[in-house]
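K.L.:
Before anything else, here's the structure in question.
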Amino acid sequence: MSRKVKCLIIGSGPAGYMAGVYTARADLKPLLIEGMLQGGQLTTTNEIENFPGFFGGVGGQVVVDKLREQAIYLGVEMLPRTVENVDFRNRPFHIVLDDGEEIITDSVIVATGASARWLHLPGEDEYRGFGVSTCATCDGNFFRNKTTVVIGGGDTALEDAIYLSNLCTKVYIVHRRDAFRGTMALQNIVKNTPNIEILWNNIPMEIVGEKQGFMKKVTALKLQNTITKEEHQISVDGVFEAIGVVPTTELFINQLDLNEQGYIITKPDSTATNVVGVFAAGDVQDPVFRQAVIAAGTGSMAGIECARFLLEN
Ligand code: NAP
């Protein structure tokens with residue numbers, strides 16, 4: 001089974017949907033492969049205060065639903081599949097989907113985003129899904145009236161801690177330094193929330209739990225103070241890791257130029273990759289800003305550049 005298109009978009013966050021909006025308006029009849037998590041990282045964001053047009057806070061799912069509707073309205077075809085394999089050696093490019101369908105395409109926009117990074121602590125694999133998570137909005141509900149800890153000092157850690165403070169009796173934030181890197185607005189909320197306690201200058205060492213038959217649960221997090229080097233532990237029911245993201249680029253190893261962190265390298269002031277006819281937008285090529293609005297912006301750029309490229313070729 002195979003089909004031919006002018007433009008294939010891989011990934012369905014703000015970057016993919018906006019690339020769809022621009023390429024559909026250029027009459028390229030884009031096909032968008034939505035991937036496993038339709039809507040991407042924003043779907044696990046509880047509230048966004050800084051997306052244009054939505055003041056007073058809006059759920060991440062609401063934003064992606066609206067972007068998706070807009071793309072469909074303008075003519076983007078959505079396919080709820082994942083990509084198995086890409087071959088960018090010759091144009092048209094060949095892409096194989098998880099159901100075996102082959103897509104032959106004149107251009108590709110990669111918008112596969114990023115996913116949560118794990119600490120790889122002792123105990124983490126054992127208790128993943130049994131009290132260890134990277135998604136507070138997905139799993140926070142399991143910890144109503146319990147004690148949790150969030151690890152990290154960026155926007156995600158601060159947002160997660162605020163979200164959990166409304167459900168849990170107590171929330172610790174464990175951060176390896178003595179200052180957060182997250183936005184001041186979030187820092188102020190965190191510092192003024194009575195049931196959030198910040199443990200500065202601490203690194204997590206081990207997740208501790210207990211097992212009874214098939215049941216297992218987290219009971220504590222072992223920490224080390226980075227200044228005194230003393231080890232201690234806090235009693236917790238849930239551990240939320242919020243230590244940043246890794247770009248989703250496994251598919252593109254040996255196909256596109258990636259930097260040492262695995263992000264796709266794009267040309268300056270452009271979304272063009274090293275392969276002519278392949279563009280990249282959103283968090284998959286952005287190790288610096290990683291904001292939904294910027295992903296939407298670079299998605300639009302990719303749509304414009306892709307349309308120009310096809311017109312000229
Ligand atoms: P981030 O900004 O990279 O922060 C990661 C945090 O984890 C840092 O505080 C870092 O400590 C800590 N960390 C990293 N590795 C660690 C390790 N091995 N052990 C202990 N701590 C570790 O990641 P993020 O918070 O996920 O945010 C990612 C991007 O998304 C950012 O650009 C952020 O602004 C954006 N974002 C925006 C919003 C929003 O605007 N509403 C919401 C969420 C995320 P150090 O500070 O010491 O490096």
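Going through the structure tokens in order, the chains are called A, B, and so on, while each chain numbers its residues from 1 and the ligands are numbered from 1 in the order shown.
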When DSSP is applied to the backbone of this structure, which of region 178-288 of chain A are assigned helix (DSSP H, G or I)? Write them out as number ranges by chain.
P.N.:
A: 184-191, 250-252, 282-285
K.L.:
Export N, CA and C atoms of the chosen residues as a PDB file, in the first residue's frame?
P.N.:
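What follows is the written file result.pdb:
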ATOM      1  N   MET A 184       9.521  34.001  37.024  1.00  0.00           N
ATOM      2  CA  MET A 184       9.321  34.654  38.324  1.00  0.00           C
ATOM      3  C   MET A 184       7.864  34.561  38.783  1.00  0.00           C
ATOM      4  N   ALA A 185       6.918  34.654  37.845  1.00  0.00           N
ATOM      5  CA  ALA A 185       5.496  34.584  38.232  1.00  0.00           C
ATOM      6  C   ALA A 185       5.209  33.256  38.934  1.00  0.00           C
ATOM      7  N   LEU A 186       5.783  32.173  38.399  1.00  0.00           N
ATOM      8  CA  LEU A 186       5.566  30.852  39.013  1.00  0.00           C
ATOM      9  C   LEU A 186       6.336  30.743  40.335  1.00  0.00           C
ATOM     10  N   GLN A 187       7.557  31.301  40.361  1.00  0.00           N
ATOM     11  CA  GLN A 187       8.347  31.270  41.603  1.00  0.00           C
ATOM     12  C   GLN A 187       7.574  31.934  42.736  1.00  0.00           C
ATOM     13  N   ASN A 188       6.944  33.063  42.434  1.00  0.00           N
ATOM     14  CA  ASN A 188       6.206  33.791  43.473  1.00  0.00           C
ATOM     15  C   ASN A 188       5.049  32.959  44.003  1.00  0.00           C
ATOM     16  N   ILE A 189       4.348  32.273  43.105  1.00  0.00           N
ATOM     17  CA  ILE A 189       3.227  31.435  43.576  1.00  0.00           C
ATOM     18  C   ILE A 189       3.764  30.316  44.469  1.00  0.00           C
ATOM     19  N   VAL A 190       4.826  29.660  43.987  1.00  0.00           N
ATOM     20  CA  VAL A 190       5.400  28.539  44.746  1.00  0.00           C
ATOM     21  C   VAL A 190       5.817  28.993  46.149  1.00  0.00           C
ATOM     22  N   LYS A 191       6.510  30.131  46.186  1.00  0.00           N
ATOM     23  CA  LYS A 191       7.041  30.592  47.482  1.00  0.00           C
ATOM     24  C   LYS A 191       5.920  31.032  48.425  1.00  0.00           C
ATOM     25  N   GLU A 250      14.923   9.905  17.320  1.00  0.00           N
ATOM     26  CA  GLU A 250      15.535   8.590  17.010  1.00  0.00           C
ATOM     27  C   GLU A 250      15.379   8.240  15.527  1.00  0.00           C
ATOM     28  N   LEU A 251      14.206   8.600  14.978  1.00  0.00           N
ATOM     29  CA  LEU A 251      13.910   8.265  13.573  1.00  0.00           C
ATOM     30  C   LEU A 251      14.894   8.912  12.593  1.00  0.00           C
ATOM     31  N   PHE A 252      15.513  10.003  13.039  1.00  0.00           N
ATOM     32  CA  PHE A 252      16.269  10.826  12.087  1.00  0.00           C
ATOM     33  C   PHE A 252      17.781  10.687  12.230  1.00  0.00           C
ATOM     34  N   GLY A 282       9.494  23.563  15.773  1.00  0.00           N
ATOM     35  CA  GLY A 282       9.064  23.259  17.141  1.00  0.00           C
ATOM     36  C   GLY A 282      10.208  22.748  18.016  1.00  0.00           C
ATOM     37  N   ASP A 283       9.846  22.092  19.107  1.00  0.00           N
ATOM     38  CA  ASP A 283      10.835  21.695  20.123  1.00  0.00           C
ATOM     39  C   ASP A 283      11.890  20.730  19.599  1.00  0.00           C
ATOM     40  N   VAL A 284      11.600  20.030  18.503  1.00  0.00           N
ATOM     41  CA  VAL A 284      12.569  19.062  17.983  1.00  0.00           C
ATOM     42  C   VAL A 284      13.837  19.753  17.463  1.00  0.00           C
ATOM     43  N   GLN A 285      13.732  21.067  17.200  1.00  0.00           N
ATOM     44  CA  GLN A 285      14.898  21.821  16.712  1.00  0.00           C
ATOM     45  C   GLN A 285      15.187  23.044  17.581  1.00  0.00           C
TER      46      GLN A 285
END
K.L.:
Within 7 Å of ligand 1, counting only C-alpha atoms and all ligand atoms: which residues, as a short mmCIF file (atom, residue, chain, number, x, y, z; two decimals) with N, CA, C and O atoms, in the first residue's frame?
P.N.:
data_model
loop_
_atom_site.label_atom_id
_atom_site.label_comp_id
_atom_site.auth_asym_id
_atom_site.auth_seq_id
_atom_site.Cartn_x
_atom_site.Cartn_y
_atom_site.Cartn_z
N ILE A 48 -2.08 27.10 30.78
CA ILE A 48 -1.11 27.95 30.09
C ILE A 48 -1.58 29.39 30.20
O ILE A 48 -2.75 29.69 29.94
N GLU A 49 -0.65 30.25 30.58
CA GLU A 49 -1.04 31.66 30.76
C GLU A 49 -0.45 32.53 29.67
O GLU A 49 -0.77 33.71 29.57
N ASN A 50 0.47 31.91 28.86
CA ASN A 50 1.24 32.77 27.95
C ASN A 50 1.07 32.39 26.48
O ASN A 50 1.95 32.64 25.68
N LEU A 119 15.59 10.71 35.24
CA LEU A 119 16.85 10.83 35.99
C LEU A 119 17.66 9.54 35.99
O LEU A 119 18.85 9.57 36.23
N ILE A 151 10.96 17.03 41.39
CA ILE A 151 12.40 17.25 41.26
C ILE A 151 12.65 18.16 40.06
O ILE A 151 12.20 17.88 38.95
N GLY A 152 13.38 19.26 40.29
CA GLY A 152 13.69 20.20 39.21
C GLY A 152 13.44 21.63 39.64
O GLY A 152 12.80 21.87 40.67
N GLY A 153 13.92 22.57 38.83
CA GLY A 153 13.77 23.98 39.19
C GLY A 153 13.33 24.84 38.02
O GLY A 153 13.43 26.06 38.06
N GLY A 154 12.83 24.20 36.95
CA GLY A 154 12.37 24.95 35.77
C GLY A 154 10.87 25.19 35.82
O GLY A 154 10.21 24.90 36.83
N ASP A 155 10.34 25.73 34.72
CA ASP A 155 8.90 26.03 34.66
C ASP A 155 8.05 24.79 34.91
O ASP A 155 7.02 24.86 35.58
N THR A 156 8.47 23.65 34.34
CA THR A 156 7.66 22.44 34.51
C THR A 156 7.59 22.04 35.97
O THR A 156 6.50 21.73 36.49
N ALA A 157 8.73 22.08 36.67
CA ALA A 157 8.74 21.70 38.10
C ALA A 157 7.83 22.64 38.90
O ALA A 157 7.05 22.19 39.75
N GLU A 159 5.30 24.54 37.81
CA GLU A 159 3.89 24.32 37.45
C GLU A 159 3.37 23.03 38.08
O GLU A 159 2.24 22.97 38.56
N HIS A 175 15.57 20.80 44.55
CA HIS A 175 16.32 21.44 43.45
C HIS A 175 17.81 21.41 43.77
O HIS A 175 18.21 21.60 44.92
N ARG A 176 18.61 21.19 42.74
CA ARG A 176 20.04 20.98 42.98
C ARG A 176 20.82 22.27 43.25
O ARG A 176 21.97 22.22 43.64
N ARG A 177 20.18 23.41 42.99
CA ARG A 177 20.87 24.69 43.25
C ARG A 177 20.08 25.49 44.29
O ARG A 177 19.12 25.00 44.88
N PHE A 180 15.80 29.03 41.38
CA PHE A 180 15.06 28.39 40.30
C PHE A 180 15.42 29.03 38.96
O PHE A 180 15.78 30.21 38.91
N ARG A 181 15.26 28.27 37.87
CA ARG A 181 15.39 28.87 36.55
C ARG A 181 14.00 29.19 35.96
O ARG A 181 13.92 29.85 34.94
N GLY A 182 12.95 28.73 36.61
CA GLY A 182 11.58 28.95 36.10
C GLY A 182 11.16 30.42 36.22
O GLY A 182 11.78 31.23 36.92
N ILE A 203 20.29 16.87 45.83
CA ILE A 203 20.14 16.02 44.65
C ILE A 203 19.52 14.68 45.07
O ILE A 203 19.85 14.15 46.13
N PRO A 204 18.61 14.16 44.23
CA PRO A 204 18.01 12.88 44.55
C PRO A 204 19.00 11.75 44.32
O PRO A 204 19.78 11.78 43.37
N ALA A 242 10.86 16.41 36.93
CA ALA A 242 10.60 17.52 35.99
C ALA A 242 11.94 18.16 35.65
O ALA A 242 12.18 19.33 35.93
N ILE A 243 12.81 17.36 35.04
CA ILE A 243 14.19 17.82 34.84
C ILE A 243 14.48 18.13 33.36
O ILE A 243 15.62 18.06 32.91
N GLY A 244 13.45 18.48 32.62
CA GLY A 244 13.67 18.87 31.23
C GLY A 244 13.23 17.79 30.25
O GLY A 244 12.60 16.80 30.64
N VAL A 245 13.59 18.03 29.01
CA VAL A 245 13.06 17.17 27.94
C VAL A 245 14.19 16.68 27.02
O VAL A 245 15.28 17.24 27.03
N VAL A 288 16.61 25.99 22.97
CA VAL A 288 16.73 27.25 23.72
C VAL A 288 15.41 27.70 24.34
O VAL A 288 15.30 27.85 25.56
N PHE A 289 14.38 27.93 23.53
CA PHE A 289 13.16 28.58 24.04
C PHE A 289 12.10 27.59 24.50
O PHE A 289 11.49 27.75 25.55
N ARG A 290 11.81 26.60 23.68
CA ARG A 290 10.86 25.52 24.01
C ARG A 290 9.53 26.04 24.58
O ARG A 290 9.08 25.63 25.64
N GLN A 291 8.94 26.96 23.85
CA GLN A 291 7.64 27.53 24.24
C GLN A 291 6.62 27.14 23.18
O GLN A 291 6.95 27.10 21.98
#
K.L.:
Residues near region 120-131 of chain A, anyone? I mean within 7 Å using only C-alpha atoms, not counting same-chain ones fewer than 5 positions away, as a PyMOL selection string.
P.N.:
chain A and resi 205-208+216-218+237-239
K.L.:
Using the selection just defined, write its residues with C-alpha atoms as a compact mmCIF listing (two decimals), in the first residue's frame.
P.N.:
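Contents of the output file result04.txt:
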# COMPACT_ATOMS: atom_id res chain seq x y z
CA MET A 205 19.94 9.64 45.14
CA GLU A 206 17.38 6.82 45.26
CA ILE A 207 13.65 6.15 45.17
CA VAL A 208 12.65 3.90 48.04
CA LYS A 216 4.28 -1.89 45.26
CA LYS A 217 4.44 1.73 46.28
CA VAL A 218 6.90 4.55 46.84
CA ASP A 237 4.01 8.74 48.29
CA GLY A 238 4.81 10.08 44.84
CA VAL A 239 7.89 11.31 42.95
K.L.:
Using 6 Å as the limit and counting only C-alpha atoms, can you tabulate each residue of region 5-61 of chain A that touches region 101-113 of chain A, with its shortest atom-to-atom distance in Å and the two atoms involved, as a Markdown table?
P.N.:
| residue | atom | partner | partner_atom | distance |
| --- | --- | --- | --- | --- |
| A:Val5 | CA | A:Thr105 | CA | 4.9 |
| A:Lys6 | CA | A:Asp106 | CA | 4.9 |
| A:Cys7 | CA | A:Ser107 | CA | 4.9 |
| A:Leu8 | CA | A:Val108 | CA | 4.8 |
| A:Ile9 | CA | A:Ile109 | CA | 4.7 |
| A:Ile10 | CA | A:Val110 | CA | 5.0 |
| A:Gly11 | CA | A:Thr112 | CA | 4.4 |
| A:Ala15 | CA | A:Ala111 | CA | 5.9 |
| A:Gly16 | CA | A:Ala111 | CA | 5.2 |
K.L.:
Among region 22-94 of chain A, which ones does DSSP assign to strand (DSSP E or B) (computed from the backbone)? Answer as a short mmCIF file (atom, residue, chain, number, x, y, z; two decimals) with N, CA, C and O atoms, in the first residue's frame.
P.N.:
data_model
loop_
_atom_site.label_atom_id
_atom_site.label_comp_id
_atom_site.auth_asym_id
_atom_site.auth_seq_id
_atom_site.Cartn_x
_atom_site.Cartn_y
_atom_site.Cartn_z
N LEU A 31 -0.54 16.09 4.37
CA LEU A 31 -0.94 14.95 5.19
C LEU A 31 -0.16 15.04 6.48
O LEU A 31 1.07 15.21 6.46
N LEU A 32 -0.85 14.96 7.62
CA LEU A 32 -0.18 15.11 8.92
C LEU A 32 -0.28 13.80 9.72
O LEU A 32 -1.39 13.31 9.99
N ILE A 33 0.87 13.25 10.06
CA ILE A 33 0.92 12.01 10.86
C ILE A 33 0.94 12.43 12.33
O ILE A 33 1.90 13.05 12.80
N ILE A 48 -2.08 27.10 30.78
CA ILE A 48 -1.11 27.95 30.09
C ILE A 48 -1.58 29.39 30.20
O ILE A 48 -2.75 29.69 29.94
N VAL A 58 -5.53 28.88 30.35
CA VAL A 58 -6.33 27.96 29.52
C VAL A 58 -5.65 26.59 29.58
O VAL A 58 -4.43 26.50 29.71
N GLU A 77 -5.15 16.87 6.11
CA GLU A 77 -5.63 15.51 6.38
C GLU A 77 -4.85 14.93 7.56
O GLU A 77 -3.61 14.89 7.53
N MET A 78 -5.56 14.49 8.59
CA MET A 78 -4.90 13.94 9.78
C MET A 78 -4.89 12.42 9.70
O MET A 78 -5.92 11.82 9.36
N LEU A 79 -3.77 11.83 10.04
CA LEU A 79 -3.68 10.37 10.06
C LEU A 79 -3.22 9.94 11.46
O LEU A 79 -2.11 10.30 11.88
N VAL A 83 5.17 6.97 12.59
CA VAL A 83 6.12 6.69 11.51
C VAL A 83 7.11 5.64 12.00
O VAL A 83 7.66 5.74 13.09
N GLU A 84 7.32 4.61 11.18
CA GLU A 84 8.27 3.53 11.52
C GLU A 84 9.67 3.84 11.02
O GLU A 84 10.66 3.55 11.67
N ASN A 85 9.72 4.45 9.82
CA ASN A 85 11.00 4.55 9.15
C ASN A 85 10.97 5.69 8.12
O ASN A 85 9.94 5.89 7.48
N VAL A 86 12.07 6.43 8.02
CA VAL A 86 12.14 7.46 6.98
C VAL A 86 13.38 7.24 6.12
O VAL A 86 14.40 6.77 6.62
N ASP A 87 13.26 7.57 4.84
CA ASP A 87 14.41 7.50 3.95
C ASP A 87 14.49 8.82 3.19
O ASP A 87 13.71 9.09 2.30
N PHE A 93 10.88 11.58 -1.07
CA PHE A 93 11.28 10.81 0.11
C PHE A 93 10.29 9.67 0.36
O PHE A 93 9.10 9.77 0.02
N HIS A 94 10.80 8.63 1.02
CA HIS A 94 9.94 7.46 1.32
C HIS A 94 9.78 7.34 2.84
O HIS A 94 10.78 7.30 3.56
#
K.L.:
Find the residues near Ala136 (chain A): any atom within 6 Å, counting only C-alpha atoms, skip ones fewer than 3 places away on the same chain, and give them as a tab-separated table (two decimals) with all heavy atoms, in the first residue's frame.
P.N.:
chain	number	residue	atom	x	y	z
A	139	ASP	N	-0.99	12.10	36.41
A	139	ASP	CA	-0.98	11.16	37.53
A	139	ASP	C	-1.25	11.79	38.90
A	139	ASP	O	-1.36	11.07	39.90
A	139	ASP	CB	0.39	10.43	37.57
A	139	ASP	CG	0.63	9.64	36.29
A	139	ASP	OD1	-0.36	9.11	35.74
A	139	ASP	OD2	1.78	9.58	35.83
A	140	GLY	N	-1.33	13.12	38.94
A	140	GLY	CA	-1.49	13.81	40.23
A	140	GLY	C	-2.69	13.34	41.02
A	140	GLY	O	-2.64	13.24	42.25
A	160	ASP	N	4.19	21.98	38.03
A	160	ASP	CA	3.77	20.70	38.60
A	160	ASP	C	3.52	20.84	40.10
A	160	ASP	O	2.54	20.31	40.63
A	160	ASP	CB	4.84	19.61	38.36
A	160	ASP	CG	4.84	19.13	36.92
A	160	ASP	OD1	3.99	19.61	36.13
A	160	ASP	OD2	5.69	18.28	36.57
K.L.:
For a quick check of understanding, using only C-alpha atoms, which of A:Gly277, A:Gly13, A:Lys170, A:Pro287 has the smallest distance to Ala302 (chain A)?
P.N.:
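Looking at the shortest contact to Ala302 (chain A), the residue is A:Gly277.
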K.L.:
Nearest to Ser270 (chain A) among A:Leu223, A:Gly299, A:Gly39, A:Tyr163, with distances taken over only C-alpha atoms: which residue is it?
P.N.:
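Smallest distance to Ser270 (chain A) is found for A:Gly299.
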K.L.:
Could you tell me which of A:Leu67, A:Ser235, A:Phe279, A:Leu167 comes closest to Gly303 (chain A) if we count only C-alpha atoms?
P.N.:
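Among A:Leu67, A:Ser235, A:Phe279, A:Leu167, it is A:Phe279 that comes nearest to Gly303 (chain A).
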K.L.:
Of the candidates A:Lys211, A:Gly100, A:Asn201, A:Val246, which one gets nearest to Glu231 (chain A) if we count only C-alpha atoms?
P.N.:
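Result for the nearest residue to Glu231 (chain A): A:Asn201.
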K.L.:
Which residues are close to Thr266 (chain A), i.e. within 10 Å by only C-alpha atoms, leaving aside same-chain residues fewer than 3 positions away? Reply as a list in words.
P.N.:
Leu256, Asp257, Leu258, Asn259, Tyr263, Asp269, Ser270, Thr271, Ala272, Thr273, Asn274, Val275, Val278, Phe279, Ala280, Ala281, Gln285 and Asp286 of chain A
K.L.:
Pick out the closest residue to Trp200 (chain A) from this set: A:Phe55, A:Trp118, A:Tyr17, A:Tyr172. Count only C-alpha atoms.
P.N.:
A:Tyr172
K.L.:
Near Pro14 (chain A), counting only C-alpha atoms, which residues have an atom at most 9 Å away, once you skip same-chain residues fewer than 5 positions from it, shown as a list of chain:residue names?
P.N.:
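So the residues in contact are A:Ala19, A:Gly39, A:Gly40, A:Leu42, A:Val63, A:Val64, A:Leu67, A:Arg68, A:Ala111, A:Gly282, A:Ala292, A:Val293, A:Ile294, A:Ala295, A:Ala296, A:Gly297, A:Gly299.
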K.L.:
Save out the residues we just selected, C-alpha atoms, as an mmCIF file, in the first residue's frame.
P.N.:
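This went into out_15.cif:
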data_model
loop_
_atom_site.group_PDB
_atom_site.id
_atom_site.type_symbol
_atom_site.label_atom_id
_atom_site.label_comp_id
_atom_site.auth_asym_id
_atom_site.auth_seq_id
_atom_site.Cartn_x
_atom_site.Cartn_y
_atom_site.Cartn_z
ATOM 1 C CA ALA A 19 2.781 23.885 9.513
ATOM 2 C CA GLY A 39 -1.512 17.096 20.368
ATOM 3 C CA GLY A 40 1.934 16.536 21.901
ATOM 4 C CA LEU A 42 0.692 20.584 25.590
ATOM 5 C CA VAL A 63 -5.262 25.028 22.868
ATOM 6 C CA VAL A 64 -4.231 21.962 20.849
ATOM 7 C CA LEU A 67 -5.206 24.367 16.616
ATOM 8 C CA ARG A 68 -6.202 20.939 15.299
ATOM 9 C CA ALA A 111 7.570 18.460 14.151
ATOM 10 C CA GLY A 282 9.064 23.259 17.141
ATOM 11 C CA ALA A 292 4.319 26.560 22.633
ATOM 12 C CA VAL A 293 4.032 29.947 20.929
ATOM 13 C CA ILE A 294 7.505 29.591 19.432
ATOM 14 C CA ALA A 295 6.715 26.064 18.255
ATOM 15 C CA ALA A 296 3.589 27.451 16.556
ATOM 16 C CA GLY A 297 5.738 30.230 15.035
ATOM 17 C CA GLY A 299 5.697 25.597 12.391
#
